[in-house]
Each structure stands twice: as structure tokens, then as C-alpha cells.
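Enquirer: Structure: my_file03.cif, mmCIF, C-alpha atoms.
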```
data_coords
loop_
_atom_site.label_atom_id
_atom_site.label_comp_id
_atom_site.auth_asym_id
_atom_site.auth_seq_id
_atom_site.Cartn_x
_atom_site.Cartn_y
_atom_site.Cartn_z
CA MET A 24 -185.87 51.47 184.36
CA ARG A 25 -188.20 49.38 182.25
CA THR A 26 -190.84 49.50 185.00
CA SER A 27 -190.68 53.30 185.27
CA ILE A 28 -191.06 53.71 181.49
CA LEU A 29 -194.04 51.35 181.52
CA LEU A 30 -195.55 53.20 184.49
CA LEU A 31 -195.02 56.58 182.79
CA ALA A 32 -196.56 55.31 179.52
CA SER A 33 -199.57 53.93 181.44
CA VAL A 34 -200.13 57.24 183.24
CA LEU A 35 -199.87 59.21 179.99
CA PHE A 36 -202.24 56.83 178.24
CA LEU A 37 -204.86 57.06 180.99
CA ALA A 38 -204.55 60.85 181.18
CA ALA A 39 -204.97 61.18 177.42
CA CYS A 40 -208.11 59.05 177.38
CA HIS A 41 -210.16 61.36 179.58
CA LYS A 42 -212.10 63.87 177.53
CA ASP A 43 -214.82 66.24 178.61
CA ASP A 44 -218.28 65.20 177.54
CA VAL A 45 -219.52 67.18 174.53
CA ASP A 46 -223.08 68.44 174.67
CA ILE A 47 -224.23 68.12 171.06
CA ALA A 48 -227.17 70.46 171.64
CA THR A 49 -224.81 73.36 172.37
CA LEU A 50 -222.98 73.03 169.05
CA THR A 51 -224.92 75.75 167.22
CA THR A 52 -222.16 78.15 166.16
CA ASN A 53 -221.07 76.54 162.89
CA PRO A 54 -223.08 77.82 159.87
CA MET A 55 -222.81 74.36 158.29
CA ASP A 56 -224.72 72.78 161.22
CA ALA A 57 -228.45 72.22 160.79
CA ASP A 58 -229.14 73.79 164.22
CA TYR A 59 -227.03 76.91 163.60
CA SER A 60 -228.57 79.80 165.52
CA GLY A 61 -226.42 82.76 164.45
CA GLN A 62 -226.93 85.41 161.81
CA ALA A 63 -227.51 84.40 158.20
CA VAL A 64 -224.13 83.55 156.71
CA LEU A 65 -224.77 81.08 153.91
CA MET A 66 -228.33 82.04 152.92
CA GLU A 67 -230.94 84.59 153.94
CA VAL A 68 -234.56 85.31 153.09
CA ASP A 69 -234.69 88.94 151.92
CA THR A 70 -238.36 89.69 151.26
CA VAL A 71 -241.79 88.14 150.94
CA HIS A 72 -244.49 90.03 149.06
CA THR A 73 -247.68 89.46 147.08
CA GLU A 74 -248.36 90.86 143.60
CA VAL A 75 -251.31 90.98 141.24
CA THR A 76 -250.54 89.80 137.71
CA VAL A 77 -251.96 91.20 134.49
CA TRP A 78 -254.73 88.58 134.65
CA SER A 79 -255.71 89.54 138.25
CA ILE A 80 -254.07 86.43 139.70
CA HIS A 81 -252.29 86.84 143.04
CA GLU A 82 -248.70 85.59 143.28
CA GLN A 83 -246.53 85.37 146.38
CA HIS A 84 -242.81 85.99 145.90
CA VAL A 85 -240.01 85.01 148.30
CA THR A 86 -236.59 86.52 147.58
CA VAL A 87 -233.60 84.50 148.80
CA ARG A 88 -229.95 85.55 148.69
CA VAL A 89 -227.10 83.00 148.86
CA HIS A 90 -223.58 83.90 149.99
CA PRO A 91 -221.31 81.36 148.24
CA GLY A 92 -218.24 83.35 149.30
CA HIS A 93 -218.80 81.99 152.81
CA PHE A 94 -218.75 78.34 151.70
CA PRO A 95 -215.71 76.39 152.94
CA SER A 96 -214.74 75.82 149.30
CA PRO A 97 -216.32 76.85 145.98
CA ALA A 98 -219.10 74.46 145.08
CA PRO A 99 -222.15 74.40 142.83
CA TYR A 100 -225.34 74.68 144.84
CA GLU A 101 -229.10 74.59 144.47
CA VAL A 102 -231.87 76.46 146.23
CA TRP A 103 -235.05 74.48 146.76
CA CYS A 104 -238.42 75.83 147.85
CA ILE A 105 -240.89 73.39 149.40
CA GLU A 106 -244.37 74.77 149.88
CA GLU A 107 -245.75 73.30 153.10
CA ASN A 108 -249.40 73.94 152.16
CA VAL A 109 -248.89 71.60 149.19
CA PRO A 110 -246.11 69.21 150.33
CA ASP A 111 -245.40 67.78 146.88
CA THR A 112 -244.59 71.23 145.51
CA ILE A 113 -240.81 71.45 145.19
CA LYS A 114 -239.14 74.06 143.05
CA GLY A 115 -235.41 73.73 142.46
CA TYR A 116 -233.16 76.52 141.28
CA SER A 117 -229.55 76.16 140.23
CA SER A 118 -226.59 78.35 141.12
CA GLN A 119 -226.52 80.00 137.70
CA HIS A 120 -227.93 83.31 138.95
CA PRO A 121 -225.20 85.95 138.55
CA ASP A 122 -226.13 87.91 141.69
CA ASN A 123 -226.91 84.81 143.82
CA ARG A 124 -230.45 86.11 144.36
CA PHE A 125 -233.44 83.86 143.75
CA GLU A 126 -237.06 84.90 143.30
CA LEU A 127 -239.26 82.00 144.37
CA GLU A 128 -242.82 82.32 143.10
CA ASN A 129 -246.08 80.77 144.26
CA TYR A 130 -248.79 81.29 141.66
CA GLN A 131 -252.49 81.69 142.39
CA VAL A 132 -252.43 82.30 146.13
CA ALA A 133 -255.60 83.27 147.99
CA LEU A 134 -255.50 86.63 149.76
CA GLY A 135 -255.68 86.28 153.54
CA THR A 136 -254.21 82.76 153.51
CA GLU A 137 -250.91 82.02 155.22
CA TYR A 138 -248.36 80.15 153.14
CA CYS A 139 -245.27 78.52 154.62
CA TYR A 140 -242.13 77.50 152.77
CA ARG A 141 -239.03 75.52 153.61
CA ILE A 142 -236.12 77.09 151.75
CA GLN A 143 -233.21 74.67 151.42
CA LEU A 144 -229.63 75.37 150.38
CA ARG A 145 -228.16 72.19 148.89
CA VAL A 146 -224.59 71.34 147.98
CA ALA A 147 -223.93 67.98 146.32
CA ASP A 148 -227.57 67.03 146.98
CA VAL A 149 -227.10 67.51 150.74
CA VAL A 150 -229.14 70.10 152.66
CA ILE A 151 -226.58 72.34 154.38
CA ARG A 152 -229.03 75.04 155.48
CA GLU A 153 -232.80 75.22 155.79
CA GLU A 154 -234.94 78.21 156.67
CA ARG A 155 -238.68 78.23 157.24
CA VAL A 156 -240.65 81.31 156.30
CA CYS A 157 -244.39 81.96 156.57
CA ALA A 158 -246.34 84.90 155.21
CA ILE A 159 -249.95 85.86 154.70
CA ALA A 160 -250.82 86.65 151.11
CA GLN A 161 -251.84 90.30 151.22
CA LEU A 162 -251.46 93.32 149.01
#
```
Could you show the structure in this file as C-alpha cells?
Expert:
Amino acid sequence: MRTSILLLASVLFLAACHKDDVDIATLTTNPMDADYSGQAVLMEVDTVHTEVTVWSIHEQHVTVRVHPGHFPSPAPYEVWCIEENVPDTIKGYSSQHPDNRFELENYQVALGTEYCYRIQLRVADVVIREERVCAIAQL
């Protein structure tokens, strides 16, 4: 009896240890993953446009919308904009916007020049989503 219980426990243990290998590269369906490849759930870039100010200076505007209702739990967040043409240019915005829409501005752009931005959604100082957007400054 004792031998059969030991044999049964050994078989169950060995059967429970075998797991299918997980291909990490295929795990792209969770919006919290950095490599998420689905539709925008947590954050989306709405528009990119160029304007002329009163002083004839060209500004490029990137409009970003955050969807905090899709977060796993309510949390304060920040939206950061990193201009790739000038890597040290980081603009942080808090979650205090009532409509969760952020207007990111790049002042004094040159018409005909392409500008690229990394837009980061951060919760507790951790990047949970990053989008890259490039646009040519044109009227």
C-alpha cells in the first residue's frame, strides 16, 4: 500500500512538472506589456500639427489622449515627451488634465524638418507604454 501511494505521488509529481515552453516574443496581447501590438488601449496619439504663432514662430503640437479607465486599478500617471532630435529635451505632464488629453508642444521648429518624439505613459515612475511618433513640420 505504501509503495503504491509513493508510486502514485511520484507519477503525479513528474506529470505536474512538465510545462510547455513559453515563447516570450509571442506575448504581445497584454496592453501593459512593452511589446503590445494591439489597438491603443491605455494611450493614443491623436494628432500632430504645426502652427504659426503671433510672432511668426513655428510650433509643432502632438495631442495625446490617455485612457485611465483601462488601467488595472486607479493610479496617478504622467505623460512624458522626449524629443529625439534633442535627446535631453524631456517634458513631463501630470494626470491633472480633466479630459485626459495632453497637448505636447515643440517650440521653434524648422519647416520641412522631421521631428520624432517618444511619448511615454508612466505610472509610479515606471514606463508602462511608449509610442514613437514622427512628423515633418509643415503648415
Enquirer: Running the PyMOL selection byres ((chain A and resi 78-95) around 10) on this model by hand, what would come out? Give it as a PyMOL selection string.
Expert: chain A and resi 54-55+63-77+96-102+104+118+120+122-134+138+140+142+144+146+156-162
Enquirer: Between CA of Glu153 in chain A and CA of Asp46 in chain A, what is the distance, to one decimal in Å?
Expert: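 Here the two named atoms are 22.3 Å from each other.
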Enquirer: Between CA of Glu154 in chain A and CA of Glu106 in chain A, what is the spacing in Å?
Expert: 12.1 Å
Enquirer: Would you compute the distance between CA of Thr51 in chain A and CA of Val149 in chain A? Give it in Å to one decimal.
Expert: 18.6 Å
Enquirer: Keeping just N, CA and C atoms, export range 89-113 of chain A of this structure as a PDB file, in the first residue's frame.
Expert:
```pdb
ATOM      1  N   VAL A  89      -5.038  59.834 -22.941  1.00  0.00           N
ATOM      2  CA  VAL A  89      -4.813  58.711 -22.027  1.00  0.00           C
ATOM      3  C   VAL A  89      -6.169  58.166 -21.605  1.00  0.00           C
ATOM      4  N   HIS A  90      -6.247  56.846 -21.469  1.00  0.00           N
ATOM      5  CA  HIS A  90      -7.489  56.178 -21.068  1.00  0.00           C
ATOM      6  C   HIS A  90      -7.298  55.518 -19.699  1.00  0.00           C
ATOM      7  N   PRO A  91      -7.351  56.310 -18.614  1.00  0.00           N
ATOM      8  CA  PRO A  91      -7.095  55.726 -17.287  1.00  0.00           C
ATOM      9  C   PRO A  91      -8.170  54.735 -16.851  1.00  0.00           C
ATOM     10  N   GLY A  92      -9.334  54.755 -17.481  1.00  0.00           N
ATOM     11  CA  GLY A  92     -10.368  53.777 -17.157  1.00  0.00           C
ATOM     12  C   GLY A  92      -9.973  52.354 -17.515  1.00  0.00           C
ATOM     13  N   HIS A  93      -8.944  52.197 -18.351  1.00  0.00           N
ATOM     14  CA  HIS A  93      -8.474  50.872 -18.747  1.00  0.00           C
ATOM     15  C   HIS A  93      -7.316  50.395 -17.887  1.00  0.00           C
ATOM     16  N   PHE A  94      -6.860  51.219 -16.939  1.00  0.00           N
ATOM     17  CA  PHE A  94      -5.789  50.792 -16.040  1.00  0.00           C
ATOM     18  C   PHE A  94      -6.325  49.671 -15.158  1.00  0.00           C
ATOM     19  N   PRO A  95      -5.456  48.747 -14.727  1.00  0.00           N
ATOM     20  CA  PRO A  95      -5.916  47.673 -13.834  1.00  0.00           C
ATOM     21  C   PRO A  95      -6.519  48.203 -12.533  1.00  0.00           C
ATOM     22  N   SER A  96      -5.994  49.302 -12.042  1.00  0.00           N
ATOM     23  CA  SER A  96      -6.550  49.953 -10.852  1.00  0.00           C
ATOM     24  C   SER A  96      -6.271  51.446 -10.987  1.00  0.00           C
ATOM     25  N   PRO A  97      -7.099  52.287 -10.365  1.00  0.00           N
ATOM     26  CA  PRO A  97      -6.864  53.736 -10.470  1.00  0.00           C
ATOM     27  C   PRO A  97      -5.477  54.096  -9.937  1.00  0.00           C
ATOM     28  N   ALA A  98      -4.780  54.918 -10.700  1.00  0.00           N
ATOM     29  CA  ALA A  98      -3.427  55.301 -10.289  1.00  0.00           C
ATOM     30  C   ALA A  98      -3.082  56.646 -10.904  1.00  0.00           C
ATOM     31  N   PRO A  99      -2.344  57.479 -10.183  1.00  0.00           N
ATOM     32  CA  PRO A  99      -1.853  58.716 -10.796  1.00  0.00           C
ATOM     33  C   PRO A  99      -0.816  58.370 -11.862  1.00  0.00           C
ATOM     34  N   TYR A 100      -0.797  59.128 -12.927  1.00  0.00           N
ATOM     35  CA  TYR A 100       0.117  58.837 -14.018  1.00  0.00           C
ATOM     36  C   TYR A 100       0.724  60.124 -14.539  1.00  0.00           C
ATOM     37  N   GLU A 101       1.760  59.967 -15.347  1.00  0.00           N
ATOM     38  CA  GLU A 101       2.407  61.093 -16.015  1.00  0.00           C
ATOM     39  C   GLU A 101       2.572  60.739 -17.482  1.00  0.00           C
ATOM     40  N   VAL A 102       2.536  61.763 -18.316  1.00  0.00           N
ATOM     41  CA  VAL A 102       2.845  61.616 -19.725  1.00  0.00           C
ATOM     42  C   VAL A 102       4.133  62.389 -19.971  1.00  0.00           C
ATOM     43  N   TRP A 103       5.118  61.715 -20.530  1.00  0.00           N
ATOM     44  CA  TRP A 103       6.396  62.348 -20.833  1.00  0.00           C
ATOM     45  C   TRP A 103       6.578  62.387 -22.335  1.00  0.00           C
ATOM     46  N   CYS A 104       7.188  63.446 -22.814  1.00  0.00           N
ATOM     47  CA  CYS A 104       7.510  63.597 -24.231  1.00  0.00           C
ATOM     48  C   CYS A 104       9.014  63.795 -24.339  1.00  0.00           C
ATOM     49  N   ILE A 105       9.684  62.898 -25.045  1.00  0.00           N
ATOM     50  CA  ILE A 105      11.120  63.000 -25.238  1.00  0.00           C
ATOM     51  C   ILE A 105      11.356  63.286 -26.713  1.00  0.00           C
ATOM     52  N   GLU A 106      11.917  64.443 -26.992  1.00  0.00           N
ATOM     53  CA  GLU A 106      12.204  64.814 -28.371  1.00  0.00           C
ATOM     54  C   GLU A 106      13.503  64.136 -28.785  1.00  0.00           C
ATOM     55  N   GLU A 107      13.443  63.303 -29.822  1.00  0.00           N
ATOM     56  CA  GLU A 107      14.627  62.553 -30.226  1.00  0.00           C
ATOM     57  C   GLU A 107      15.662  63.413 -30.935  1.00  0.00           C
ATOM     58  N   ASN A 108      15.231  64.520 -31.566  1.00  0.00           N
ATOM     59  CA  ASN A 108      16.192  65.400 -32.230  1.00  0.00           C
ATOM     60  C   ASN A 108      17.087  66.089 -31.209  1.00  0.00           C
ATOM     61  N   VAL A 109      16.574  66.314 -30.018  1.00  0.00           N
ATOM     62  CA  VAL A 109      17.321  66.917 -28.910  1.00  0.00           C
ATOM     63  C   VAL A 109      17.102  65.995 -27.705  1.00  0.00           C
ATOM     64  N   PRO A 110      17.946  64.956 -27.547  1.00  0.00           N
ATOM     65  CA  PRO A 110      17.677  63.903 -26.564  1.00  0.00           C
ATOM     66  C   PRO A 110      17.483  64.361 -25.130  1.00  0.00           C
ATOM     67  N   ASP A 111      18.055  65.490 -24.749  1.00  0.00           N
ATOM     68  CA  ASP A 111      17.908  65.942 -23.369  1.00  0.00           C
ATOM     69  C   ASP A 111      16.593  66.675 -23.126  1.00  0.00           C
ATOM     70  N   THR A 112      15.775  66.815 -24.166  1.00  0.00           N
ATOM     71  CA  THR A 112      14.516  67.532 -24.024  1.00  0.00           C
ATOM     72  C   THR A 112      13.439  66.574 -23.548  1.00  0.00           C
ATOM     73  N   ILE A 113      13.086  66.683 -22.281  1.00  0.00           N
ATOM     74  CA  ILE A 113      12.031  65.855 -21.694  1.00  0.00           C
ATOM     75  C   ILE A 113      11.002  66.791 -21.093  1.00  0.00           C
TER      76      ILE A 113
END
```
